[in-house]
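A quick write-up on the structure given underneath.
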Amino acid sequence: LAKTTQPISMDSYEGQEVNITCSHNNIATNDYITWYQQFPSQGPRFIIQGYKTKVTNEVASLFIPADRKSSTLSLPRVSLSDTAVYYCLVENNFNKFYFGSGTKLNVKP
Amino acid sequence: DGGITQSPKYLFRKEGQNVTLSCEQNLNHDAMYWYRQDPGQGLRLIYYSQIVNDFQKGDIAEGYSVSREKKESFPLTVTSAQKNPTAFYLCASNGPNTEAFFGQGTRLTVV
C-alpha cells in the first residue's frame, strides 16, 4: 500500500482558501486518491475522490498532477465549522482503508 | 434512512472483563471494518470482513475478536487480553468500489 505524508497541522482564517497537500510517492497505477474529514468524537466522512487531473464537488476540489505522486485538497472560503482532521488515503479495490495521522486544520475567526 | 449504527456510544469496562461493541448497517454492504483511535492519533485497523462468515486480522488484532454471522452485523469483542483498551472505536462498511461509511463511534473506558 502506498504510504501518504501530510502536514500534521495547519492554521487558517475564516473566508480563506485552504490547500492541504498529500505526498504519495509510491502510488500504483490502480490506486485512487480519497480524502476524508473527521470532527472530534465522530467517524470520518468522505469528502472527495480522484484519479488524475482535477475533481470538484460542492464541498472541495482535488488537484492531482500528471505524475500522481501528490495531491492537493482545496477548501474554498473556509468557516469555523471546517475545523477538523483531514485524511488522505490511497487505495485500490476499496477493500481496506488505511488512515494515517491526518492534517488537523484549525480555522480561526 | 440507510446508515451504520454503533452502540453503545459510551462503555465502561472493569479490569479483566470482556465487552462487546455492536455495529449494524442497513446499506447492504458486503465489507465491514473495525478501527481503533487513540487521542490525537489516526485510525488503526483491528479487523475487517469482506463477506459473511469470513474476516481477517488488521494491524492491531491482538486482544480483540469478531464475528460475521450476518451481513448486517459485525460485533467486536474487546477481551481481557487487550492490555490498553481505553480508546474510541469506529466501525465502517463499504460496497463494491465505494468509499467507507462510518458509524458515530463507541468510546470505551476501563475503570
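Labels for the C-alpha cells follow display order: chains A, B, ..., residues from 1 in each chain, ligands from 1.
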Where in segment 7-57 of chain B does DSSP assign strand (DSSP E), given as a VMD selection string? chain B and resid 7 10 to 13 19 to 25 31 to 37 43 to 51 54 to 57
Please dump the current selection as a short mmCIF file (atom, residue, chain, number, x, y, z; two decimals), in the first residue's frame; keep C-alpha atoms.
```cif
data_model
loop_
_atom_site.label_atom_id
_atom_site.label_comp_id
_atom_site.auth_asym_id
_atom_site.auth_seq_id
_atom_site.Cartn_x
_atom_site.Cartn_y
_atom_site.Cartn_z
CA SER B 7 -23.85 1.05 20.20
CA TYR B 10 -20.11 5.17 25.81
CA LEU B 11 -18.99 1.97 27.51
CA PHE B 12 -17.17 1.36 30.75
CA ARG B 13 -15.30 -1.84 31.46
CA VAL B 19 -17.06 -6.32 26.42
CA THR B 20 -18.80 -6.41 23.06
CA LEU B 21 -19.34 -3.40 20.83
CA SER B 22 -22.20 -3.53 18.38
CA CYS B 23 -22.10 -2.44 14.74
CA GLU B 24 -25.11 -2.75 12.44
CA GLN B 25 -25.56 -1.50 8.89
CA ALA B 31 -17.43 -5.28 3.68
CA MET B 32 -17.19 -4.12 7.28
CA TYR B 33 -14.30 -2.83 9.37
CA TRP B 34 -13.29 -2.03 12.93
CA TYR B 35 -10.83 0.72 13.78
CA ARG B 36 -9.32 1.99 16.98
CA GLN B 37 -8.45 5.65 17.51
CA LEU B 43 -7.28 5.25 12.83
CA ARG B 44 -5.73 1.81 13.13
CA LEU B 45 -7.35 -1.23 11.57
CA ILE B 46 -8.32 -4.00 14.02
CA TYR B 47 -10.31 -6.48 11.91
CA TYR B 48 -12.14 -6.46 8.63
CA SER B 49 -14.62 -8.69 6.85
CA GLN B 50 -15.24 -8.85 3.12
CA ILE B 51 -18.10 -11.33 3.30
CA ASP B 54 -15.15 -14.57 6.88
CA PHE B 55 -12.87 -11.98 8.46
CA GLN B 56 -9.19 -11.06 8.59
CA LYS B 57 -6.89 -9.50 11.15
#
```
Enumerate as a list in words the residues belonging to chain B that approach chain A to within 6 Å, with only C-alpha atoms taken into account. Gln41, Gly42, Leu43, Asn97, Phe102, Gly103 and Gln104 of chain B
Which residues, written as number ranges by chain, have at least one atom at most 8 Å from Ala66 of chain A, with only C-alpha atoms counted and residues fewer than 2 positions away on the same chain left out? A: 52-53, 64, 68
Pick from A:Ser61, A:Asn25, A:Gln16, A:Asn106 nearest to Leu73 of chain A, counting only C-alpha atoms: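 Checking each of A:Ser61, A:Asn25, A:Gln16, A:Asn106 against Leu73 of chain A, counting only C-alpha atoms, the winner is A:Ser61.
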Top pick for closest residue to Ser9 of chain A, considering A:Ser79, A:Thr21, A:Ser71, A:Asn30 and counting only C-alpha atoms: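 Counting only C-alpha atoms, the residue closest to Ser9 of chain A is A:Thr21.
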Which residues are near Ile27 of chain A? Cut-off 10 Å, only C-alpha atoms, ignore same chain within fewer than 2 positions. Put them as a list in words.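 Surrounding residues, per the criterion: Leu1, Ala2, Lys3, Thr4, Ser23, His24, Asn25, Thr29, Asn30, Asp31, Tyr32, Ile33, Asp67, Arg68, Lys69, Ser70, Val90, Glu91 and Asn92 of chain A.
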Shell around Pro76 of chain A at 8 Å using only C-alpha atoms, local window under 4 positions removed, as an MDAnalysis selection string: chainID A and resid 15:18 60
Generate the output file for the selected residues, N, CA and C atoms, as a JSON list (two decimals), in the first residue's frame.
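Saved result, result.json, follows:
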```
[["chain", "number", "residue", "atom", "x", "y", "z"],
["A", 15, "GLY", "N", -12.93, 32.50, 5.72],
["A", 15, "GLY", "CA", -13.00, 33.16, 4.42],
["A", 15, "GLY", "C", -11.83, 32.88, 3.51],
["A", 16, "GLN", "N", -10.76, 32.29, 4.06],
["A", 16, "GLN", "CA", -9.60, 31.99, 3.23],
["A", 16, "GLN", "C", -9.78, 30.67, 2.49],
["A", 17, "GLU", "N", -9.01, 30.50, 1.43],
["A", 17, "GLU", "CA", -8.92, 29.20, 0.75],
["A", 17, "GLU", "C", -7.80, 28.41, 1.43],
["A", 18, "VAL", "N", -8.05, 27.16, 1.68],
["A", 18, "VAL", "CA", -7.06, 26.30, 2.33],
["A", 18, "VAL", "C", -6.67, 25.18, 1.38],
["A", 60, "ALA", "N", -15.40, 20.64, -2.08],
["A", 60, "ALA", "CA", -13.96, 20.84, -2.24],
["A", 60, "ALA", "C", -13.53, 20.55, -3.67]]
```
When you draw a straight line from atom CA of Ser12 of chain A to atom CA of Thr83 of chain A, how long is it in Å? 9.3 Å
Skipping near chain neighbours, those fewer than 4 positions away, what residues fall within 6 Å of segment 60-66 of chain B using only C-alpha atoms, listed as a ChimeraX atom specification? /B:46,75-79,81-82
Emit the selected residues as a compact mmCIF listing (two decimals), in the first residue's frame, including N, CA, C and O atoms.
```txt
# COMPACT_ATOMS: atom_id res chain seq x y z
N ILE B 46 -8.32 -2.87 13.10
CA ILE B 46 -8.32 -4.00 14.02
C ILE B 46 -8.67 -5.29 13.27
O ILE B 46 -7.90 -6.26 13.27
N PRO B 75 -20.01 -7.48 15.19
CA PRO B 75 -19.68 -7.10 16.56
C PRO B 75 -18.20 -7.31 16.89
O PRO B 75 -17.58 -8.26 16.38
N LEU B 76 -17.69 -6.45 17.72
CA LEU B 76 -16.29 -6.52 18.15
C LEU B 76 -16.25 -6.79 19.65
O LEU B 76 -16.89 -6.08 20.43
N THR B 77 -15.52 -7.82 20.05
CA THR B 77 -15.33 -8.10 21.47
C THR B 77 -13.93 -7.69 21.89
O THR B 77 -12.94 -8.10 21.27
N VAL B 78 -13.87 -6.86 22.91
CA VAL B 78 -12.60 -6.46 23.49
C VAL B 78 -12.37 -7.39 24.67
O VAL B 78 -13.12 -7.36 25.66
N THR B 79 -11.37 -8.22 24.58
CA THR B 79 -11.15 -9.24 25.61
C THR B 79 -10.23 -8.72 26.70
O THR B 79 -9.57 -7.68 26.55
N ALA B 81 -7.51 -9.80 27.33
CA ALA B 81 -6.13 -9.87 26.85
C ALA B 81 -5.66 -8.54 26.26
O ALA B 81 -4.46 -8.35 26.07
N GLN B 82 -6.59 -7.65 25.98
CA GLN B 82 -6.24 -6.34 25.45
C GLN B 82 -5.81 -5.48 26.63
O GLN B 82 -6.64 -5.09 27.46
```
